>>> print(open('model.txt').read())   # compact mmCIF, C-alpha atoms and all ligand atoms
# COMPACT_ATOMS: atom_id res chain seq x y z
CA MET A 70 33.22 -0.38 2.92
CA LYS A 71 31.90 2.25 5.27
CA SER A 72 29.08 1.35 7.61
CA PHE A 73 26.46 3.88 8.77
CA ASN A 74 26.76 5.25 12.31
CA SER A 75 23.01 5.09 12.90
CA PRO A 76 20.50 2.66 11.38
CA ILE A 77 19.03 3.39 7.95
CA MET A 78 15.47 2.05 7.98
CA VAL A 79 13.25 1.13 5.04
CA THR A 80 11.14 4.21 5.68
CA ARG A 81 10.46 7.03 8.12
CA PRO A 82 7.13 8.75 8.78
CA LEU A 83 6.58 12.08 7.06
CA LEU A 84 6.29 14.41 10.06
CA PRO A 85 5.37 18.06 9.51
CA ASP A 86 6.74 20.89 11.60
CA LEU A 87 5.61 20.37 15.23
CA ASP A 88 4.42 23.99 15.55
CA SER A 89 1.96 23.44 12.71
CA ILE A 90 0.54 20.39 14.52
CA ASN A 91 0.27 22.37 17.75
CA ASN A 92 -1.71 25.06 15.93
CA GLN A 93 -4.09 22.42 14.62
CA LEU A 94 -4.44 20.88 18.07
CA GLU A 95 -5.30 24.27 19.57
CA ASP A 96 -8.36 24.32 17.28
CA VAL A 97 -9.36 20.82 18.40
CA TRP A 98 -8.96 21.76 22.06
CA GLU A 99 -10.95 24.94 21.51
CA ASN A 100 -13.97 23.29 19.89
CA LYS A 101 -13.80 20.19 22.13
CA TRP A 102 -14.91 17.90 19.31
CA VAL A 103 -12.24 15.21 19.20
CA THR A 104 -13.87 12.30 17.37
CA ASN A 105 -17.19 11.08 15.85
CA ASN A 106 -17.09 13.10 12.65
CA GLY A 107 -15.82 16.38 14.12
CA PRO A 108 -14.83 19.53 12.19
CA LYS A 109 -11.24 18.44 11.47
CA ASN A 110 -12.54 15.16 10.07
CA LYS A 111 -14.89 17.01 7.73
CA GLU A 112 -12.13 19.43 6.71
CA LEU A 113 -9.74 16.60 5.90
CA MET A 114 -12.43 14.83 3.91
CA GLU A 115 -12.90 17.91 1.70
CA GLU A 116 -9.13 18.39 1.28
CA LEU A 117 -8.71 14.75 0.28
CA LYS A 118 -11.61 14.87 -2.16
CA ASN A 119 -9.78 17.70 -3.86
CA TYR A 120 -6.34 16.17 -3.69
CA LEU A 121 -7.47 12.79 -4.97
CA SER A 122 -10.02 14.27 -7.41
CA VAL A 123 -12.78 11.95 -6.20
CA LYS A 124 -16.48 12.46 -5.50
CA ASN A 125 -17.10 9.90 -2.77
CA ILE A 126 -14.74 9.32 0.13
CA SER A 127 -15.11 7.88 3.61
CA LEU A 128 -12.39 8.09 6.29
CA PHE A 129 -11.43 5.27 8.68
CA ASN A 130 -9.07 4.66 11.58
CA ASN A 131 -6.88 2.40 9.46
CA GLY A 132 -6.73 0.92 5.97
CA THR A 133 -7.51 -2.63 7.11
CA LEU A 134 -10.82 -1.71 8.71
CA ALA A 135 -11.64 0.45 5.71
CA LEU A 136 -11.18 -2.59 3.46
CA ILE A 137 -13.09 -4.93 5.79
CA LEU A 138 -16.06 -2.58 5.94
CA GLY A 139 -15.87 -1.64 2.26
CA ILE A 140 -16.18 -5.31 1.33
CA LYS A 141 -19.04 -5.65 3.82
CA ALA A 142 -20.80 -2.63 2.33
CA LEU A 143 -20.61 -4.16 -1.15
CA GLY A 144 -22.30 -7.31 0.19
CA LEU A 145 -19.91 -9.75 -1.44
CA GLU A 146 -20.40 -13.49 -1.08
CA GLY A 147 -18.54 -16.73 -1.82
CA GLU A 148 -15.14 -16.38 -3.50
CA VAL A 149 -12.98 -13.39 -4.36
CA ILE A 150 -10.07 -13.62 -6.78
CA THR A 151 -6.97 -11.92 -5.42
CA THR A 152 -3.19 -11.94 -5.29
CA PRO A 153 -1.02 -13.91 -2.88
CA PHE A 154 1.72 -11.25 -3.14
CA THR A 155 0.47 -8.57 -0.75
CA PHE A 156 0.45 -7.44 2.86
CA PRO A 157 -1.62 -9.81 5.09
CA ALA A 158 -4.33 -7.16 5.54
CA THR A 159 -5.64 -7.65 1.98
CA VAL A 160 -6.68 -11.26 2.43
CA GLU A 161 -7.49 -10.85 6.12
CA ALA A 162 -10.18 -8.39 5.04
CA LEU A 163 -11.75 -11.22 3.02
CA ASP A 164 -11.44 -13.61 5.94
CA TRP A 165 -13.24 -11.21 8.31
CA ASN A 166 -16.10 -11.12 5.81
CA GLY A 167 -16.34 -14.91 5.61
CA LEU A 168 -15.11 -14.89 2.00
CA THR A 169 -12.75 -17.41 0.42
CA PRO A 170 -9.72 -16.00 -1.37
CA VAL A 171 -8.95 -17.55 -4.72
CA PHE A 172 -5.27 -16.94 -5.35
CA CYS A 173 -4.21 -15.86 -8.82
CA ASP A 174 -0.56 -15.81 -9.90
CA ILE A 175 1.21 -12.49 -10.48
CA ASP A 176 2.65 -10.69 -13.46
CA GLU A 177 6.43 -11.06 -13.53
CA SER A 178 7.06 -7.43 -14.41
CA THR A 179 4.66 -5.46 -12.15
CA LEU A 180 4.16 -8.18 -9.49
CA ASN A 181 0.42 -7.39 -9.62
CA ILE A 182 -2.37 -9.91 -10.25
CA ASP A 183 -1.81 -11.55 -13.66
CA THR A 184 -4.91 -10.66 -15.68
CA LYS A 185 -4.24 -13.49 -18.16
CA LYS A 186 -4.84 -16.02 -15.37
CA ILE A 187 -8.01 -14.55 -13.80
CA GLU A 188 -10.68 -15.96 -16.09
CA SER A 189 -9.81 -19.61 -15.53
CA LEU A 190 -10.35 -19.09 -11.78
CA ILE A 191 -13.91 -17.77 -12.07
CA THR A 192 -16.64 -20.10 -10.76
CA ASP A 193 -20.33 -19.58 -10.02
CA ARG A 194 -19.31 -18.63 -6.46
CA THR A 195 -17.04 -15.73 -7.58
CA SER A 196 -18.36 -12.32 -6.56
CA ALA A 197 -15.39 -9.99 -7.06
CA ILE A 198 -11.80 -9.35 -8.06
CA LEU A 199 -9.61 -7.75 -5.40
CA GLY A 200 -6.48 -6.28 -6.98
CA VAL A 201 -3.55 -4.68 -5.19
CA HIS A 202 -1.47 -1.91 -6.77
CA VAL A 203 1.69 -3.42 -5.31
CA PHE A 204 4.51 -0.99 -4.35
CA GLY A 205 2.78 1.77 -6.34
CA ASN A 206 2.76 0.01 -9.74
CA PRO A 207 -0.86 0.19 -10.98
CA CYS A 208 -2.71 -3.04 -11.88
CA ASN A 209 -3.86 -3.70 -15.42
CA VAL A 210 -7.13 -1.93 -14.57
CA ASN A 211 -8.68 -2.01 -18.03
CA GLU A 212 -8.33 -5.76 -18.45
CA ILE A 213 -9.60 -6.37 -14.92
CA GLN A 214 -12.68 -4.26 -15.66
CA GLN A 215 -13.32 -6.08 -18.94
CA ILE A 216 -13.28 -9.44 -17.16
CA ALA A 217 -15.46 -8.11 -14.34
CA ASP A 218 -18.01 -6.74 -16.83
CA LYS A 219 -18.12 -10.03 -18.73
CA TYR A 220 -18.88 -12.06 -15.57
CA ASN A 221 -20.76 -9.37 -13.63
CA LEU A 222 -18.20 -9.13 -10.82
CA LYS A 223 -17.34 -6.24 -8.49
CA VAL A 224 -13.83 -4.79 -8.63
CA ILE A 225 -12.09 -3.61 -5.48
CA TYR A 226 -8.57 -2.28 -5.23
CA ASP A 227 -6.25 -2.29 -2.27
CA GLY A 228 -4.61 1.04 -3.00
CA ALA A 229 -2.53 1.21 0.19
CA HIS A 230 0.51 2.10 -1.95
CA VAL A 231 -0.99 4.47 -4.53
CA PHE A 232 -2.04 7.61 -2.69
CA GLY A 233 -2.43 10.36 -5.29
CA THR A 234 -1.44 8.18 -8.24
CA LYS A 235 -2.85 8.94 -11.67
CA LEU A 236 -3.05 6.41 -14.45
CA ASN A 237 -3.48 7.70 -18.01
CA GLY A 238 -4.29 11.06 -16.42
CA ILE A 239 -7.16 9.52 -14.43
CA PRO A 240 -7.05 9.37 -10.61
CA ILE A 241 -6.44 5.75 -9.61
CA GLY A 242 -9.49 5.74 -7.31
CA GLU A 243 -11.73 6.19 -10.35
CA TYR A 244 -11.03 2.62 -11.46
CA GLY A 245 -13.18 -0.22 -10.14
CA ASP A 246 -16.08 -0.02 -7.70
CA MET A 247 -13.97 0.87 -4.69
CA THR A 248 -10.38 1.65 -3.70
CA MET A 249 -8.85 1.60 -0.24
CA PHE A 250 -6.00 3.94 0.76
CA SER A 251 -3.88 3.44 3.88
CA PHE A 252 -2.75 6.45 5.91
CA HIS A 253 -0.39 4.46 8.15
CA ALA A 254 2.77 6.19 9.42
CA THR A 255 4.83 4.32 6.83
CA LYS A 256 2.78 5.67 3.92
CA LEU A 257 3.52 8.75 1.80
CA PHE A 258 0.50 10.51 3.29
CA ASN A 259 -0.20 9.58 6.91
CA THR A 260 -2.50 10.32 9.81
CA ILE A 261 -0.29 8.09 12.02
CA GLU A 262 -2.92 5.35 11.62
CA GLY A 263 -5.77 5.89 9.21
CA GLY A 264 -7.32 4.99 5.91
CA ALA A 265 -10.02 5.80 3.40
CA LEU A 266 -12.35 4.30 0.85
CA VAL A 267 -13.20 6.00 -2.40
CA PHE A 268 -16.10 4.52 -4.34
CA ARG A 269 -18.28 4.90 -7.39
CA ASP A 270 -21.76 4.34 -5.94
CA GLU A 271 -22.77 7.39 -3.90
CA SER A 272 -25.42 5.41 -2.02
CA LEU A 273 -22.64 3.48 -0.23
CA ASN A 274 -21.92 6.61 1.80
CA LYS A 275 -24.80 6.05 4.17
CA ARG A 276 -23.96 2.36 4.65
CA LEU A 277 -20.28 3.06 5.32
CA ASN A 278 -21.14 5.76 7.86
CA LEU A 279 -23.31 3.24 9.68
CA LEU A 280 -20.75 0.43 9.46
CA LYS A 281 -17.94 2.50 10.98
CA ASN A 282 -20.14 3.77 13.84
CA PHE A 283 -21.63 0.60 15.40
CA GLY A 284 -24.51 0.70 12.89
CA ILE A 285 -26.06 3.59 14.82
CA ASP A 286 -28.32 5.69 12.61
CA ASN A 287 -29.64 8.05 15.29
CA PRO A 288 -29.81 7.96 19.09
CA GLU A 289 -32.84 5.67 18.90
CA THR A 290 -32.04 3.42 15.95
CA VAL A 291 -29.34 0.83 15.40
CA GLU A 292 -29.70 -0.04 11.75
CA LEU A 293 -27.15 -2.82 11.26
CA SER A 294 -24.27 -4.60 12.94
CA GLY A 295 -21.24 -2.33 12.62
CA LEU A 296 -17.86 -1.70 14.17
CA ASN A 297 -15.98 1.26 15.57
CA ALA A 298 -13.69 2.37 12.76
CA LYS A 299 -13.79 6.16 12.86
CA LEU A 300 -10.81 8.41 12.21
CA ASN A 301 -10.56 10.80 15.18
CA ASP A 302 -10.06 14.55 14.92
CA VAL A 303 -6.49 14.53 16.28
CA GLN A 304 -5.52 12.15 13.47
CA ALA A 305 -7.44 14.29 10.97
CA ALA A 306 -5.61 17.40 12.24
CA MET A 307 -2.31 15.62 11.66
CA GLY A 308 -3.48 14.68 8.15
CA LEU A 309 -4.29 18.29 7.28
CA GLU A 310 -0.68 19.29 7.96
CA VAL A 311 0.92 16.20 6.39
CA LEU A 312 -1.03 16.81 3.19
CA LYS A 313 0.66 20.21 2.85
CA VAL A 314 4.13 18.66 2.83
CA VAL A 315 3.33 15.73 0.53
CA PRO A 316 4.29 17.57 -2.72
CA GLU A 317 7.74 18.45 -1.34
CA GLU A 318 8.23 14.86 -0.13
CA LYS A 319 7.28 13.50 -3.56
CA TYR A 320 9.71 15.88 -5.23
CA ARG A 321 12.53 14.66 -2.98
CA ARG A 322 11.61 10.98 -3.40
CA ASN A 323 11.75 11.43 -7.16
CA GLN A 324 15.31 12.73 -6.81
CA ILE A 325 16.24 9.78 -4.60
CA LYS A 326 14.66 7.36 -7.05
CA GLN A 327 16.75 8.79 -9.87
CA LEU A 328 19.90 8.56 -7.79
CA TYR A 329 19.20 4.91 -6.98
CA GLU A 330 18.49 4.20 -10.65
CA THR A 331 21.75 5.80 -11.78
CA HIS A 332 23.80 3.75 -9.36
CA LEU A 333 21.94 0.43 -9.27
CA GLU A 334 21.03 -0.02 -12.93
CA LYS A 335 24.65 -0.76 -13.83
CA ILE A 336 24.90 -3.64 -11.36
CA SER A 337 24.36 -7.03 -12.95
CA GLY A 338 21.52 -9.07 -11.40
CA ILE A 339 19.47 -6.09 -10.17
CA ARG A 340 16.13 -5.13 -11.71
CA ILE A 341 14.19 -2.10 -10.54
CA ILE A 342 10.55 -3.02 -10.02
CA THR A 343 9.05 0.33 -9.09
CA ILE A 344 8.84 2.45 -12.20
CA HIS A 345 7.22 5.62 -10.80
CA LYS A 346 6.32 7.59 -13.90
CA GLU A 347 6.89 11.27 -13.23
CA GLU A 348 4.17 13.12 -11.30
CA GLU A 349 1.72 10.26 -11.69
CA SER A 350 3.20 8.19 -8.91
CA SER A 351 2.85 7.86 -5.16
CA TYR A 352 6.61 7.26 -4.76
CA GLN A 353 5.62 4.89 -1.98
CA TYR A 354 8.44 2.33 -2.24
CA PHE A 355 11.65 1.76 -4.14
CA VAL A 356 11.93 -1.98 -4.73
CA ILE A 357 14.52 -4.10 -6.49
CA GLU A 358 14.69 -7.72 -7.59
CA ILE A 359 17.82 -9.82 -7.19
CA ASP A 360 18.83 -12.48 -9.68
CA ASP A 361 21.14 -14.49 -7.42
CA LYS A 362 23.19 -16.05 -10.23
CA LYS A 363 23.98 -12.77 -11.94
CA PHE A 364 24.32 -10.75 -8.72
CA GLY A 365 26.35 -13.44 -7.00
CA MET A 366 24.27 -13.56 -3.84
CA SER A 367 20.65 -14.34 -2.97
CA ARG A 368 18.14 -11.69 -1.89
CA ASP A 369 18.17 -13.20 1.62
CA SER A 370 21.96 -12.99 1.86
CA LEU A 371 21.98 -9.40 0.61
CA HIS A 372 19.27 -8.49 3.14
CA GLU A 373 21.41 -9.99 5.94
CA ARG A 374 24.74 -8.55 4.75
CA LEU A 375 23.28 -5.04 4.52
CA LYS A 376 22.41 -5.21 8.22
CA GLU A 377 26.17 -5.44 8.96
CA PHE A 378 26.39 -1.94 7.45
CA ASN A 379 23.41 -0.69 9.49
CA VAL A 380 21.07 -0.75 6.44
CA PHE A 381 17.67 -2.32 7.16
CA THR A 382 15.87 -3.29 3.96
CA ARG A 383 12.61 -5.31 4.00
CA LYS A 384 11.55 -8.52 2.27
CA TYR A 385 8.04 -7.28 1.52
CA PHE A 386 5.80 -9.39 0.99
CA TYR A 387 7.35 -12.51 2.43
CA PRO A 388 5.75 -14.98 3.07
CA LEU A 389 3.04 -15.17 0.41
CA CYS A 390 -0.51 -14.97 1.81
CA SER A 391 -1.24 -18.31 0.15
CA ASP A 392 1.36 -19.80 2.50
CA PHE A 393 -0.51 -18.78 5.66
CA LYS A 394 -1.38 -21.94 7.57
CA TRP A 395 -5.13 -21.33 7.33
CA TYR A 396 -4.99 -20.98 3.52
CA LYS A 397 -2.25 -23.50 2.67
CA LYS A 398 -4.74 -26.26 1.84
CA LEU A 399 -6.80 -24.23 -0.65
CA PRO A 400 -6.42 -25.62 -4.19
CA THR A 401 -5.41 -22.21 -5.56
CA ALA A 402 -2.77 -21.81 -2.83
CA GLN A 403 -0.71 -24.69 -4.20
CA LYS A 404 2.79 -23.81 -5.32
CA GLU A 405 2.37 -25.26 -8.82
CA ASN A 406 -0.49 -22.80 -9.45
CA LEU A 407 1.55 -19.76 -8.39
CA PRO A 408 4.97 -20.19 -10.04
CA THR A 409 5.73 -16.49 -10.54
CA ALA A 410 4.62 -15.48 -7.05
CA TYR A 411 6.78 -18.20 -5.50
CA GLN A 412 9.77 -17.11 -7.57
CA LYS A 413 9.44 -13.37 -6.97
CA VAL A 414 8.81 -13.61 -3.22
CA GLU A 415 12.37 -14.92 -2.88
CA GLN A 416 13.88 -12.12 -4.98
CA VAL A 417 12.27 -8.85 -3.97
CA LEU A 418 13.83 -6.30 -1.62
CA ALA A 419 12.43 -2.91 -0.53
CA MET A 420 15.18 -0.32 -0.23
CA PRO A 421 15.34 2.60 2.22
CA PHE A 422 13.14 5.26 0.62
CA TYR A 423 12.05 8.48 2.28
CA GLY A 424 12.69 12.16 1.71
CA GLU A 425 15.08 12.67 4.62
CA LEU A 426 17.70 10.38 3.09
CA SER A 427 20.62 12.47 1.85
CA ASP A 428 22.21 12.00 -1.58
CA GLN A 429 25.35 10.87 0.19
CA GLU A 430 23.48 8.19 2.10
CA VAL A 431 21.79 6.85 -1.05
CA ILE A 432 25.13 6.71 -2.89
CA GLN A 433 26.74 4.95 0.07
CA ILE A 434 23.95 2.32 0.14
CA CYS A 435 24.45 1.72 -3.60
CA ASP A 436 28.24 1.48 -3.15
CA ILE A 437 27.79 -1.15 -0.44
CA ILE A 438 25.50 -3.17 -2.72
CA LYS A 439 27.92 -2.84 -5.62
CA ASN A 440 30.80 -4.00 -3.49
CA LEU A 441 28.84 -7.03 -2.34
CA SER A 442 27.96 -7.99 -5.91
CA LYS A 443 29.75 -10.60 -8.01
CA GLY A 444 31.11 -7.99 -10.39
CA SER A 445 33.35 -6.45 -7.76
CA ARG A 446 34.68 -9.70 -6.30
N1 LIG B 501 -2.71 -3.38 2.13
C1 LIG B 501 -1.43 -3.23 1.84
C2 LIG B 501 -0.95 -3.59 0.48
C3 LIG B 501 -0.54 -2.71 2.80
O1 LIG B 501 0.77 -2.55 2.50
C4 LIG B 501 -1.04 -2.36 4.06
C5 LIG B 501 -0.17 -1.84 5.07
C6 LIG B 501 -2.41 -2.54 4.33
C7 LIG B 501 -3.23 -3.06 3.33
C8 LIG B 501 -3.04 -2.20 5.64
O2 LIG B 501 -3.14 -0.81 5.86
P1 LIG B 501 -3.17 -0.27 7.40
O3 LIG B 501 -4.25 -1.04 8.11
O4 LIG B 501 -1.81 -0.48 8.00
O5 LIG B 501 -3.53 1.20 7.22
C9 LIG B 501 4.12 -1.63 7.83
C10 LIG B 501 2.82 -0.94 8.14
O6 LIG B 501 2.43 -1.13 9.49
C11 LIG B 501 1.68 -1.31 7.24
O7 LIG B 501 0.74 -0.25 7.33
C12 LIG B 501 2.13 -1.41 5.80
N2 LIG B 501 1.10 -1.89 4.92
C13 LIG B 501 3.32 -2.35 5.69
C14 LIG B 501 3.81 -2.52 4.28
O8 LIG B 501 4.38 -1.80 6.47
P2 LIG B 501 5.62 -3.30 9.10
O9 LIG B 501 5.31 -4.46 9.98
O10 LIG B 501 6.62 -3.49 8.04
O11 LIG B 501 5.96 -1.99 9.96
P3 LIG B 501 7.23 -1.65 10.85
O12 LIG B 501 6.76 -1.30 12.20
O13 LIG B 501 8.26 -2.72 10.75
O14 LIG B 501 7.76 -0.32 10.17
C15 LIG B 501 8.56 -0.30 9.00
C16 LIG B 501 9.66 0.72 9.17
O15 LIG B 501 9.13 2.02 9.26
C17 LIG B 501 10.49 0.55 10.42
O16 LIG B 501 11.56 -0.31 10.15
C18 LIG B 501 10.95 1.94 10.74
C19 LIG B 501 9.89 2.82 10.18
N3 LIG B 501 9.00 3.37 11.21
C20 LIG B 501 7.81 2.72 11.47
C21 LIG B 501 6.94 3.24 12.38
C22 LIG B 501 5.64 2.54 12.71
C23 LIG B 501 9.34 4.52 11.85
O17 LIG B 501 10.42 5.08 11.61
N4 LIG B 501 8.46 5.06 12.74
C24 LIG B 501 7.27 4.48 13.04
O18 LIG B 501 6.50 5.03 13.85
O19 LIG B 501 4.22 -2.87 8.49
>>> encode(input="model.txt", output="structure tokens")
Amino acid sequence: MKSFNSPIMVTRPLLPDLDSINNQLEDVWENKWVTNNGPKNKELMEELKNYLSVKNISLFNNGTLALILGIKALGLEGEVITTPFTFPATVEALDWNGLTPVFCDIDESTLNIDTKKIESLITDRTSAILGVHVFGNPCNVNEIQQIADKYNLKVIYDGAHVFGTKLNGIPIGEYGDMTMFSFHATKLFNTIEGGALVFRDESLNKRLNLLKNFGIDNPETVELSGLNAKLNDVQAAMGLEVLKVVPEEKYRRNQIKQLYETHLEKISGIRIITIHKEEESSYQYFVIEIDDKKFGMSRDSLHERLKEFNVFTRKYFYPLCSDFKWYKKLPTAQKENLPTAYQKVEQVLAMPFYGELSDQEVIQICDIIKNLSKGSR
């Protein structure tokens, strides 16, 4: 089996033509407004409102701070029901708000919060449900909303993986009270580091602007205790150019996805988790699940063996957040309460997935996997 000459990583940042960035930077240099809600920031905000088809948006210097301050703005208290199968930032945002996560098991098909198990976790301390659209697969938003309406709970989504996704023709940010998007370098749309909140209640705009700017209302009034979480104008300038190349990147990722499907679907013991319905998806990740008995090797072994061929997959999201040492003792963090999450976290593998991968490279990755599988031994 042929190994790659240079490493194939799980992703690569989408970088527009350098000349286009230089042109943008010339504007920033010219107007000398480089942060604190400058012209490029405002321009990006308008472009994103359009692209995401949303009314209310607020930009931040990363997705984690966006989520922390979004939760703060909503004034949540007590307990929040969430998933253990996510990037640490999701639950860390609760922690930084003094909230207790209540871990709910996940759906075995989408790997998102299992809506059938939410209701039994609700107590008189519950204030919200925090769902994550894991790997780009949307949560069961309608059922989550029904439960939230019944118990008068807020609904927040960590939408780090669903930039531009539509569900039933409706922009994903329209669901729930608030959705966070991450614009990190590893995301489909990036500002190197960055993030945004989209939200239903227009009056949150004022509060979020205060929260991300030290709580300063005007030069003589500090209204509340805030943080510094502003997206600067150099990042915004980058975003303006990246946004232009997103459609082309999505088109290419769709081709890569189809190529992976064609070659991996035939291999026993592999299930493709990321469905990516045409045009409605973010094409953020391409993720598979390994059934060790049928495949003939565990996910961990495959992950290690692929490195010998210079292919660097990722075991996102291992370990589960419920396994963090500061949450381990929570009743809802116990293994017996999270059987599906504990099973899936040992089986899931994120494959290299970015537009610059060539067809040949994708086919070679699939051939290596096929050759490592039981069927070919
Ligand atoms: N919620 C969810 C569900 C999330 O997935 C994330 C972030 C967040 C919240 C928080 O949003 P932010 O605060 O980050 O906006 C990466 C990202 O740092 C993180 O943003 C992302 N999720 C997570 C899934 O992936 P790592 O630790 O895996 O990153 P790293 O440095 O290992 O990079 C992954 C691969 O990307 C590298 O192997 C190669 C490539 N890469 C990366 C960078 C940074 C490059 O080629 N160039 C680069 O500059 O966390």
>>> closest_atom_pairs(input="model.txt", of="range 201-278 of chain A", to="range 186-193 of chain A", cutoff="12 Å", atoms="all atoms listed in the file", output="CSV")
residue,atom,partner,partner_atom,distance
A:Asn209,CA,A:Ile187,CA,11.7
A:Glu212,CA,A:Ile187,CA,9.9
A:Ile213,CA,A:Ile187,CA,8.4
A:Gln214,CA,A:Ile187,CA,11.5
A:Gln215,CA,A:Glu188,CA,10.6
A:Ile216,CA,A:Glu188,CA,7.1
A:Ala217,CA,A:Glu188,CA,9.4
A:Asp218,CA,A:Glu188,CA,11.8
A:Lys219,CA,A:Glu188,CA,9.9
A:Tyr220,CA,A:Ile191,CA,8.3
A:Asn221,CA,A:Asp193,CA,10.8
A:Leu222,CA,A:Ile191,CA,9.7
>>> write_last_selection(input="model.txt", atoms="C-alpha atoms", output="compact mmCIF listing (two decimals), keeping the file's coordinate frame")
# COMPACT_ATOMS: atom_id res chain seq x y z
CA ASN A 209 -3.86 -3.70 -15.42
CA GLU A 212 -8.33 -5.76 -18.45
CA ILE A 213 -9.60 -6.37 -14.92
CA GLN A 214 -12.68 -4.26 -15.66
CA GLN A 215 -13.32 -6.08 -18.94
CA ILE A 216 -13.28 -9.44 -17.16
CA ALA A 217 -15.46 -8.11 -14.34
CA ASP A 218 -18.01 -6.74 -16.83
CA LYS A 219 -18.12 -10.03 -18.73
CA TYR A 220 -18.88 -12.06 -15.57
CA ASN A 221 -20.76 -9.37 -13.63
CA LEU A 222 -18.20 -9.13 -10.82
>>> residues_near_ligand(input="model.txt", ligand="ligand LIG 501 (chain B)", cutoff="7 Å", atoms="only C-alpha atoms and all ligand atoms", output="PyMOL selection string")
chain A and resi 78-82+131-134+155-156+158-159+201+203+227-230+251-255+262-264+385
>>> atom_distance(input="model.txt", atom1="CA of Thr184 in chain A", atom2="CA of His202 in chain A")
13.0 Å
>>> residues_around(input="model.txt", residues="Asn237 in chain A", least_positions_apart="2", cutoff="12 Å", atoms="only C-alpha atoms", output="list of chain:residue names")
A:Pro207, A:Asn209, A:Val210, A:Asn211, A:Thr234, A:Lys235, A:Ile239, A:Pro240, A:Ile241, A:Glu243, A:Tyr244, A:Lys346, A:Glu347, A:Glu348, A:Glu349, A:Ser350
>>> residues_around(input="model.txt", residues="Ile225 in chain A", least_positions_apart="3", cutoff="12 Å", atoms="all atoms listed in the file", output="PyMOL selection string")
chain A and resi 135-137+139-143+145+149-151+159+162-163+196-202+208+210+213-214+217+222+228+241-250+266-269
>>> atom_distance(input="model.txt", atom1="CA of Val315 in chain A", atom2="CA of Asn206 in chain A")
18.8 Å
>>> atom_distance(input="model.txt", atom1="CA of Glu373 in chain A", atom2="CA of Gly424 in chain A")
24.2 Å
>>> residues_around(input="model.txt", residues="Pro316 in chain A", least_positions_apart="3", cutoff="12 Å", atoms="all atoms listed in the file", output="number ranges by chain")
A: 83, 120, 232-233, 257-258, 310-313, 319-323, 348-352, 424
